[in-house]
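Text of target-v8.cif, listed as mmCIF, C-alpha atoms:
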```cif
data_model
loop_
_atom_site.label_atom_id
_atom_site.label_comp_id
_atom_site.auth_asym_id
_atom_site.auth_seq_id
_atom_site.Cartn_x
_atom_site.Cartn_y
_atom_site.Cartn_z
CA ARG A 1 106.80 65.69 116.18
CA HIS A 2 104.03 64.72 113.74
CA ALA A 3 102.48 62.43 116.34
CA GLU A 4 102.49 65.15 118.99
CA ARG A 5 100.90 67.60 116.57
CA MET A 6 98.18 65.13 115.64
CA LEU A 7 97.35 64.62 119.31
CA LEU A 8 97.25 68.40 119.75
CA VAL A 9 94.83 68.68 116.82
CA MET A 10 92.62 66.06 118.47
CA THR A 11 92.62 68.12 121.65
CA GLN A 12 91.78 71.32 119.81
CA LEU A 13 88.89 69.58 118.05
CA GLY A 14 87.60 68.19 121.34
CA ILE A 15 88.28 64.57 120.37
CA GLU A 16 89.01 62.65 123.55
CA CYS A 17 89.82 59.36 121.83
CA CYS A 18 89.40 57.82 118.40
CA HIS A 19 90.07 54.97 116.03
CA LEU A 20 92.94 55.57 113.59
CA ILE A 21 92.93 54.73 109.89
CA THR A 22 96.39 55.30 108.52
CA HIS A 23 98.41 54.81 105.34
CA SER A 24 102.13 54.41 104.68
CA THR A 25 104.19 56.83 106.82
CA GLY A 26 100.99 57.78 108.60
CA GLY A 27 100.95 54.28 110.08
CA LEU A 28 104.23 54.84 111.89
CA ILE A 29 102.95 58.21 113.09
CA GLY A 30 99.83 56.46 114.40
CA PHE A 31 101.89 53.88 116.26
CA ILE A 32 103.89 56.67 117.91
CA MET A 33 100.65 58.44 118.87
CA SER A 34 99.47 55.23 120.53
CA ARG A 35 102.69 55.07 122.55
CA ILE A 36 102.55 58.72 123.65
CA ALA A 37 98.86 58.70 124.61
CA PRO A 38 97.56 55.10 124.64
CA GLN A 39 94.31 56.11 126.35
CA ARG A 40 93.37 58.31 123.38
CA ILE A 41 93.59 55.58 120.73
CA ARG A 42 91.08 52.74 120.45
CA ARG A 43 91.92 50.61 117.43
CA ILE A 44 94.11 51.06 114.37
CA VAL A 45 93.67 50.15 110.72
CA ALA A 46 97.08 50.46 109.08
CA LEU A 47 97.12 50.37 105.28
CA ALA A 48 100.49 49.58 103.66
CA THR A 49 102.12 50.93 106.78
CA VAL A 50 105.69 51.88 107.47
CA THR A 51 106.56 49.80 110.53
CA PRO A 52 108.72 50.81 113.49
CA LEU A 53 111.71 49.46 111.54
CA ALA A 54 111.24 52.48 109.20
CA LEU A 55 112.61 52.32 105.62
CA LYS A 56 116.02 52.36 103.98
CA PHE A 57 116.74 54.94 101.26
CA PRO A 58 120.31 54.69 99.93
CA ARG A 59 121.81 58.11 99.29
CA ASP A 60 122.64 57.33 95.68
CA GLU A 61 118.95 56.71 94.97
CA ARG A 62 117.56 59.89 96.52
CA GLY A 63 118.07 62.08 93.47
CA VAL A 64 114.79 60.87 92.01
CA PHE A 65 112.89 62.42 94.93
CA LYS A 66 114.54 65.77 94.32
CA ARG A 67 113.51 65.51 90.66
CA CYS A 68 109.90 65.13 91.78
CA MET A 69 109.89 68.79 92.82
CA GLU A 70 110.99 69.79 89.32
CA ASP A 71 109.43 67.25 86.97
CA VAL A 72 105.80 66.16 87.15
CA GLU A 73 106.45 63.16 84.89
CA THR A 74 108.88 61.75 87.47
CA VAL A 75 106.12 62.07 90.06
CA GLU A 76 103.77 60.22 87.71
CA VAL A 77 106.18 57.29 87.36
CA LEU A 78 106.84 57.05 91.10
CA LEU A 79 103.13 57.04 91.89
CA ALA A 80 102.48 54.51 89.14
CA GLY A 81 104.94 52.22 90.90
CA ALA A 82 102.71 52.45 93.96
CA LEU A 83 99.64 51.64 91.82
CA PRO A 84 100.86 48.69 89.74
CA SER A 85 97.47 47.06 89.24
CA LEU A 86 96.26 50.08 87.25
CA TYR A 87 99.03 50.02 84.64
CA ASP A 88 100.15 47.87 81.75
CA ALA A 89 103.01 45.85 83.26
CA ALA A 90 105.41 46.28 80.33
CA SER A 91 104.96 50.05 80.12
CA LEU A 92 105.28 50.40 83.89
CA GLY A 93 108.51 48.41 83.87
CA GLN A 94 109.93 50.64 81.12
CA ALA A 95 108.85 53.77 82.97
CA VAL A 96 110.46 52.71 86.26
CA ALA A 97 113.66 51.76 84.44
CA SER A 98 113.71 55.18 82.76
CA LEU A 99 114.01 56.94 86.12
CA SER A 100 117.76 56.44 85.90
CA SER A 101 117.92 58.32 82.58
CA GLU A 102 117.36 61.95 81.64
CA THR A 103 114.16 61.22 79.71
CA VAL A 104 111.30 59.61 81.64
CA SER A 105 109.00 57.15 79.87
CA ARG A 106 105.35 57.56 80.86
CA PRO A 107 103.41 54.45 81.94
CA VAL A 108 100.16 53.48 80.23
CA PHE A 109 96.94 52.67 82.06
CA LYS A 110 95.27 49.32 81.49
CA GLU A 111 92.25 49.54 79.21
CA SER A 112 90.02 48.39 82.07
CA VAL A 113 90.83 51.42 84.24
CA SER A 114 87.88 53.83 84.42
CA ASP A 115 88.07 57.53 83.60
CA ALA A 116 87.10 58.29 87.19
CA THR A 117 90.11 56.37 88.52
CA LYS A 118 92.39 58.02 85.96
CA ASN A 119 91.17 61.42 87.15
CA VAL A 120 91.92 60.49 90.77
CA VAL A 121 95.44 59.42 89.84
CA GLN A 122 96.07 62.61 87.84
CA ARG A 123 94.90 64.66 90.81
CA LEU A 124 97.28 62.74 93.07
CA VAL A 125 100.13 63.39 90.63
CA SER A 126 99.36 67.10 90.49
CA ASP A 127 98.99 67.48 94.26
CA SER A 128 102.13 65.43 94.96
CA HIS A 129 104.17 67.51 92.51
CA ALA A 130 103.15 70.61 94.46
CA CYS A 131 104.38 69.17 97.77
CA ALA A 132 107.11 71.02 99.64
CA GLU A 133 110.73 69.93 99.96
CA GLY A 134 110.02 68.63 103.43
CA VAL A 135 107.73 65.97 101.99
CA TRP A 136 109.94 64.76 99.14
CA LEU A 137 113.31 65.05 100.87
CA GLY A 138 112.57 65.38 104.57
CA THR A 139 110.44 62.25 104.79
CA VAL A 140 113.07 60.18 102.98
CA HIS A 141 115.86 61.54 105.18
CA HIS A 142 114.05 60.93 108.46
CA LEU A 143 112.83 57.44 107.56
CA ASP A 144 116.32 56.41 106.48
CA ALA A 145 117.84 57.85 109.67
CA ALA A 146 115.26 55.98 111.76
CA PHE A 147 116.10 52.79 109.85
CA ARG A 148 119.85 53.16 110.40
CA ASN A 149 119.58 54.26 114.04
CA ARG A 150 116.73 51.86 114.87
CA THR A 151 114.96 54.83 116.44
CA TYR A 152 111.59 53.09 116.78
CA ALA A 153 112.67 49.46 116.54
CA GLY A 154 111.57 48.77 120.12
CA LEU A 155 108.09 50.16 119.56
CA VAL A 156 105.48 47.40 119.72
CA PRO A 157 101.92 48.78 119.50
CA SER A 158 99.55 47.25 122.04
CA HIS A 159 96.27 48.39 120.49
CA ARG A 160 94.21 46.02 118.37
CA THR A 161 95.43 46.63 114.84
CA LEU A 162 94.49 45.47 111.36
CA LEU A 163 97.54 45.47 109.10
CA LEU A 164 96.59 45.55 105.41
CA CYS A 165 99.25 45.14 102.75
CA GLY A 166 99.07 44.85 98.98
CA GLU A 167 100.57 41.69 97.53
CA LYS A 168 102.49 43.76 94.96
CA ASP A 169 103.65 46.50 97.33
CA GLU A 170 107.25 47.31 96.36
CA ILE A 171 107.67 49.97 99.06
CA ILE A 172 106.88 48.22 102.35
CA PRO A 173 108.91 45.04 102.94
CA LEU A 174 106.53 42.21 103.79
CA ALA A 175 109.17 40.90 106.20
CA HIS A 176 108.76 44.11 108.24
CA LEU A 177 105.02 43.59 108.46
CA ARG A 178 105.36 39.95 109.41
CA ALA A 179 107.85 40.88 112.14
CA LEU A 180 105.51 43.57 113.49
CA SER A 181 102.52 41.24 113.44
CA SER A 182 104.50 38.55 115.23
CA ALA A 183 105.72 40.98 117.89
CA MET A 184 102.18 42.26 118.49
CA GLY A 185 100.77 38.75 118.91
CA ASP A 186 97.01 38.59 119.36
CA CYS A 187 96.75 42.39 119.06
CA ALA A 188 97.41 42.30 115.32
CA VAL A 189 95.81 40.74 112.26
CA LEU A 190 97.89 40.81 109.07
CA SER A 191 95.95 40.57 105.82
CA ILE A 192 97.64 40.57 102.40
CA VAL A 193 95.39 41.87 99.62
CA PRO A 194 96.04 40.11 96.29
CA ASN A 195 96.93 41.89 93.05
CA VAL A 196 97.37 45.41 94.45
CA GLY A 197 100.36 47.54 95.38
CA HIS A 198 101.00 50.29 97.91
CA SER A 199 97.85 52.35 97.36
CA LEU A 200 95.02 49.99 98.19
CA LEU A 201 92.31 52.65 98.44
CA VAL A 202 92.95 53.84 94.89
CA GLU A 203 93.58 50.44 93.32
CA GLN A 204 90.76 48.59 95.05
CA PRO A 205 88.49 51.12 96.77
CA ALA A 206 85.65 48.64 97.31
#
```

Would you mind writing the file out in structure tokens?
Amino acid sequence: RHAERMLLVMTQLGIECCHLITHSTGGLIGFIMSRIAPQRIRRIVALATVTPLALKFPRDERGVFKRCMEDVETVEVLLAGALPSLYDAASLGQAVASLSSETVSRPVFKESVSDATKNVVQRLVSDSHACAEGVWLGTVHHLDAAFRNRTYAGLVPSHRTLLLCGEKDEIIPLAHLRALSSAMGDCAVLSIVPNVGHSLLVEQPA
């Protein structure tokens, strides 16, 4: 449904065709768009993308996503896990471990992180905390269902695609990206960016 709506937005804006730059779940949406209307997509840059294999979210681990709607500090820890290069490793490890307890430990930025980057992260935390239930719970539910049912497993994008993945990404399995790249053959280039996690544009914007 997201892919169809994005194509409708393109139509309403008078965009006949375009390049796609996507991130995370948006990558899977972009791949579906390219299947529905291949003539409207030129090339794709997919940053830390969810692949057509989707993602597994065990039911007993989903409570933390519900807490994100209630507790901004839980959001902060989850996002820090997607931005590992910005945080002191020891404090980040303690913070992630604390997600299973009632009291969440806040991660500490590395001294080298600029105030500008800290402000961007705090804005992301605030905006993410304000997200609706459909984002925190619906996305997890649908990705897990697609993983279990192999809903998109047969989808092999045919557009030229650059797949960018952070070396320390703990969200997207590298095996999924390697499988997608292999299936796409000469259409895909897989590049692993060293020392960054899931959010490349925040961790290494240059």

**OP:** List the residues sitting within 12 Å of (88.0, 54.3, 105.6) in the file's frame, using all atoms listed in the file, as number ranges by chain.
**Re:** A: 19-23, 44-47, 200-202, 205-206

Subject >> All residues 12 Å or closer to region 7-11 of chain A, all atoms listed in the file, same chain fewer than 3 positions away omitted, as a ChimeraX atom specification >> reply: /A:1-4,14-20,29-30,32-41

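You can rank A:Thr51, A:Ser85, A:Thr161, A:Ser126 by their closest distance to Ser191 (chain A) using all atoms listed in the file, and at the top of that list sits A:Thr161.
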
Where is the centre and how long are the edges: axis-aligned box on region 29-35 of chain A, 8 Å on each side, Å to one decimal, as JSON:
```
{"center_x": 101.7, "center_y": 56.2, "center_z": 117.8, "size_x": 20.4, "size_y": 20.6, "size_z": 25.5}
```

Original post:
Near Val96 (chain A), within 12 Å and counting all atoms listed in the file, which residues show up once chain neighbours fewer than 2 positions away are dropped, as number ranges by chain?
Top reply: A: 64, 73-82, 84, 87, 89-94, 98-101, 103-108, 170

Kindly provide, as a compact mmCIF listing (two decimals) with C-alpha atoms, in the frame of the given file, the polymer residues lying within 9 Å of (93.2, 47.2, 81.2), counting all atoms listed in the file and using the coordinates exactly as they appear in the file.
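File produced: out-v4.txt:
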```
# COMPACT_ATOMS: atom_id res chain seq x y z
CA LEU A 86 96.26 50.08 87.25
CA TYR A 87 99.03 50.02 84.64
CA ASP A 88 100.15 47.87 81.75
CA PHE A 109 96.94 52.67 82.06
CA LYS A 110 95.27 49.32 81.49
CA GLU A 111 92.25 49.54 79.21
CA SER A 112 90.02 48.39 82.07
CA VAL A 113 90.83 51.42 84.24
```

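The spacing separating CA of Leu164 (chain A) from CA of Val193 (chain A) amounts to 7.0 Å.
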
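Considering the residues A:Lys118, A:His129, A:Arg42, A:His176 and counting only C-alpha atoms, Leu163 (chain A) has its shortest atom-to-atom contact with A:His176.
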
Counting all atoms listed in the file, what is within 10 Å of region 138-141 of chain A, bar same-chain residues fewer than 4 positions away, as a PDB file with C-alpha atoms, keeping the file's coordinate frame?
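Saved the output as result33.pdb:
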```pdb
ATOM      1  CA  THR A  25     104.190  56.830 106.820  1.00  0.00           C
ATOM      2  CA  LEU A  55     112.610  52.320 105.620  1.00  0.00           C
ATOM      3  CA  LYS A  56     116.020  52.360 103.980  1.00  0.00           C
ATOM      4  CA  PHE A  57     116.740  54.940 101.260  1.00  0.00           C
ATOM      5  CA  PRO A  58     120.310  54.690  99.930  1.00  0.00           C
ATOM      6  CA  ARG A  59     121.810  58.110  99.290  1.00  0.00           C
ATOM      7  CA  ARG A  62     117.560  59.890  96.520  1.00  0.00           C
ATOM      8  CA  PHE A  65     112.890  62.420  94.930  1.00  0.00           C
ATOM      9  CA  ALA A 132     107.110  71.020  99.640  1.00  0.00           C
ATOM     10  CA  GLU A 133     110.730  69.930  99.960  1.00  0.00           C
ATOM     11  CA  GLY A 134     110.020  68.630 103.430  1.00  0.00           C
ATOM     12  CA  ALA A 145     117.840  57.850 109.670  1.00  0.00           C
ATOM     13  CA  ALA A 146     115.260  55.980 111.760  1.00  0.00           C
ATOM     14  CA  PHE A 147     116.100  52.790 109.850  1.00  0.00           C
TER      15      PHE A 147
END
```

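Of the residues under consideration (A:Pro194, A:Phe31, A:Pro52, A:Asp60), A:Pro52 shows the shortest atom-to-atom contact distance to Leu177 (chain A) when counting all atoms listed in the file.
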
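If you look at CA of Glu167 (chain A) and CA of His198 (chain A), they are 8.6 Å away from each other.
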
**OP:** Evaluate the PyMOL selection byres ((chain A and resi 155) around 10) and record the selected residues as a PyMOL selection string, following the chain and residue labels used in the document.
**Re:** chain A and resi 28+31-32+35+51-53+150-154+156-158+180+183-184

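Note on the selection: in this file the PyMOL selection byres ((chain A and resi 188) around 6) comes out as Arg160, Thr161, Leu162, Ser181, Met184, Asp186, Cys187 and Val189 of chain A.
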
Residue selection dump (C-alpha atoms) as a tab-separated table (two decimals), in the coordinates of the input:
```tsv
chain	number	residue	atom	x	y	z
A	160	ARG	CA	94.21	46.02	118.37
A	161	THR	CA	95.43	46.63	114.84
A	162	LEU	CA	94.49	45.47	111.36
A	181	SER	CA	102.52	41.24	113.44
A	184	MET	CA	102.18	42.26	118.49
A	186	ASP	CA	97.01	38.59	119.36
A	187	CYS	CA	96.75	42.39	119.06
A	189	VAL	CA	95.81	40.74	112.26
```

**OP:** Can you work out which one of A:Ser199, A:His159, A:Asp169, A:Cys68 has the shortest atom-to-atom distance to Val121 (chain A), counting all atoms listed in the file?
**Re:** A:Ser199

For region 34-45 of chain A, supply all heavy atoms and report the output as a JSON list (two decimals), in the frame of the given file.
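And here's selection-v9.json as it stands now:
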```json
[["chain", "number", "residue", "atom", "x", "y", "z"],
["A", 34, "SER", "N", 100.01, 56.20, 119.58],
["A", 34, "SER", "CA", 99.47, 55.23, 120.53],
["A", 34, "SER", "C", 100.43, 54.97, 121.68],
["A", 34, "SER", "O", 100.01, 54.54, 122.75],
["A", 34, "SER", "CB", 99.14, 53.91, 119.81],
["A", 34, "SER", "OG", 100.32, 53.21, 119.44],
["A", 35, "ARG", "N", 101.72, 55.22, 121.46],
["A", 35, "ARG", "CA", 102.69, 55.07, 122.55],
["A", 35, "ARG", "C", 102.66, 56.29, 123.47],
["A", 35, "ARG", "O", 102.72, 56.17, 124.70],
["A", 35, "ARG", "CB", 104.10, 54.88, 121.99],
["A", 35, "ARG", "CG", 105.16, 54.75, 123.10],
["A", 35, "ARG", "CD", 106.54, 54.53, 122.54],
["A", 35, "ARG", "NE", 107.05, 55.68, 121.81],
["A", 35, "ARG", "CZ", 108.26, 55.72, 121.25],
["A", 35, "ARG", "NH1", 109.06, 54.67, 121.32],
["A", 35, "ARG", "NH2", 108.65, 56.80, 120.60],
["A", 36, "ILE", "N", 102.54, 57.49, 122.86],
["A", 36, "ILE", "CA", 102.55, 58.72, 123.65],
["A", 36, "ILE", "C", 101.29, 58.83, 124.51],
["A", 36, "ILE", "O", 101.35, 59.20, 125.68],
["A", 36, "ILE", "CB", 102.65, 59.95, 122.72],
["A", 36, "ILE", "CG1", 103.99, 59.96, 121.98],
["A", 36, "ILE", "CG2", 102.49, 61.25, 123.52],
["A", 36, "ILE", "CD1", 104.10, 61.05, 120.94],
["A", 37, "ALA", "N", 100.14, 58.53, 123.90],
["A", 37, "ALA", "CA", 98.86, 58.70, 124.61],
["A", 37, "ALA", "C", 97.97, 57.48, 124.34],
["A", 37, "ALA", "O", 96.98, 57.57, 123.60],
["A", 37, "ALA", "CB", 98.18, 59.98, 124.14],
["A", 38, "PRO", "N", 98.31, 56.34, 124.92],
["A", 38, "PRO", "CA", 97.56, 55.10, 124.64],
["A", 38, "PRO", "C", 96.07, 55.19, 124.97],
["A", 38, "PRO", "O", 95.25, 54.53, 124.32],
["A", 38, "PRO", "CB", 98.27, 54.06, 125.50],
["A", 38, "PRO", "CG", 98.99, 54.84, 126.55],
["A", 38, "PRO", "CD", 99.38, 56.13, 125.91],
["A", 39, "GLN", "N", 95.72, 56.00, 125.94],
["A", 39, "GLN", "CA", 94.31, 56.11, 126.35],
["A", 39, "GLN", "C", 93.47, 56.85, 125.32],
["A", 39, "GLN", "O", 92.24, 56.80, 125.37],
["A", 39, "GLN", "CB", 94.22, 56.82, 127.71],
["A", 39, "GLN", "CG", 94.47, 58.32, 127.70],
["A", 39, "GLN", "CD", 95.92, 58.73, 127.56],
["A", 39, "GLN", "OE1", 96.82, 57.90, 127.46],
["A", 39, "GLN", "NE2", 96.17, 60.03, 127.60],
["A", 40, "ARG", "N", 94.11, 57.51, 124.36],
["A", 40, "ARG", "CA", 93.37, 58.31, 123.38],
["A", 40, "ARG", "C", 93.14, 57.56, 122.06],
["A", 40, "ARG", "O", 92.46, 58.07, 121.18],
["A", 40, "ARG", "CB", 94.10, 59.63, 123.13],
["A", 40, "ARG", "CG", 94.34, 60.45, 124.39],
["A", 40, "ARG", "CD", 94.74, 61.86, 124.08],
["A", 40, "ARG", "NE", 93.66, 62.58, 123.42],
["A", 40, "ARG", "CZ", 93.77, 63.85, 123.03],
["A", 40, "ARG", "NH1", 94.90, 64.50, 123.21],
["A", 40, "ARG", "NH2", 92.75, 64.44, 122.42],
["A", 41, "ILE", "N", 93.72, 56.37, 121.95],
["A", 41, "ILE", "CA", 93.59, 55.58, 120.73],
["A", 41, "ILE", "C", 92.83, 54.30, 121.05],
["A", 41, "ILE", "O", 93.15, 53.61, 122.02],
["A", 41, "ILE", "CB", 94.97, 55.23, 120.13],
["A", 41, "ILE", "CG1", 95.80, 56.51, 119.93],
["A", 41, "ILE", "CG2", 94.80, 54.48, 118.82],
["A", 41, "ILE", "CD1", 95.18, 57.54, 119.02],
["A", 42, "ARG", "N", 91.85, 53.97, 120.23],
["A", 42, "ARG", "CA", 91.08, 52.74, 120.45],
["A", 42, "ARG", "C", 91.65, 51.60, 119.61],
["A", 42, "ARG", "O", 92.34, 50.73, 120.10],
["A", 42, "ARG", "CB", 89.60, 53.00, 120.13],
["A", 42, "ARG", "CG", 88.93, 53.95, 121.12],
["A", 42, "ARG", "CD", 87.50, 54.23, 120.75],
["A", 42, "ARG", "NE", 86.86, 55.11, 121.72],
["A", 42, "ARG", "CZ", 85.67, 55.65, 121.56],
["A", 42, "ARG", "NH1", 84.95, 55.39, 120.46],
["A", 42, "ARG", "NH2", 85.16, 56.46, 122.48],
["A", 43, "ARG", "N", 91.38, 51.63, 118.33],
["A", 43, "ARG", "CA", 91.92, 50.61, 117.43],
["A", 43, "ARG", "C", 92.55, 51.28, 116.23],
["A", 43, "ARG", "O", 92.30, 52.45, 115.94],
["A", 43, "ARG", "CB", 90.82, 49.64, 116.99],
["A", 43, "ARG", "CG", 90.19, 48.86, 118.14],
["A", 43, "ARG", "CD", 89.21, 47.83, 117.64],
["A", 43, "ARG", "NE", 88.60, 47.09, 118.75],
["A", 43, "ARG", "CZ", 87.83, 46.03, 118.60],
["A", 43, "ARG", "NH1", 87.55, 45.59, 117.38],
["A", 43, "ARG", "NH2", 87.33, 45.42, 119.65],
["A", 44, "ILE", "N", 93.37, 50.51, 115.51],
["A", 44, "ILE", "CA", 94.11, 51.06, 114.37],
["A", 44, "ILE", "C", 93.91, 50.17, 113.14],
["A", 44, "ILE", "O", 93.99, 48.95, 113.24],
["A", 44, "ILE", "CB", 95.62, 51.15, 114.68],
["A", 44, "ILE", "CG1", 95.86, 52.03, 115.92],
["A", 44, "ILE", "CG2", 96.39, 51.70, 113.48],
["A", 44, "ILE", "CD1", 97.31, 52.00, 116.41],
["A", 45, "VAL", "N", 93.63, 50.81, 112.02],
["A", 45, "VAL", "CA", 93.67, 50.15, 110.72],
["A", 45, "VAL", "C", 94.85, 50.77, 109.98],
["A", 45, "VAL", "O", 94.85, 51.97, 109.71],
["A", 45, "VAL", "CB", 92.38, 50.34, 109.91],
["A", 45, "VAL", "CG1", 92.52, 49.71, 108.52],
["A", 45, "VAL", "CG2", 91.19, 49.74, 110.65]]
```
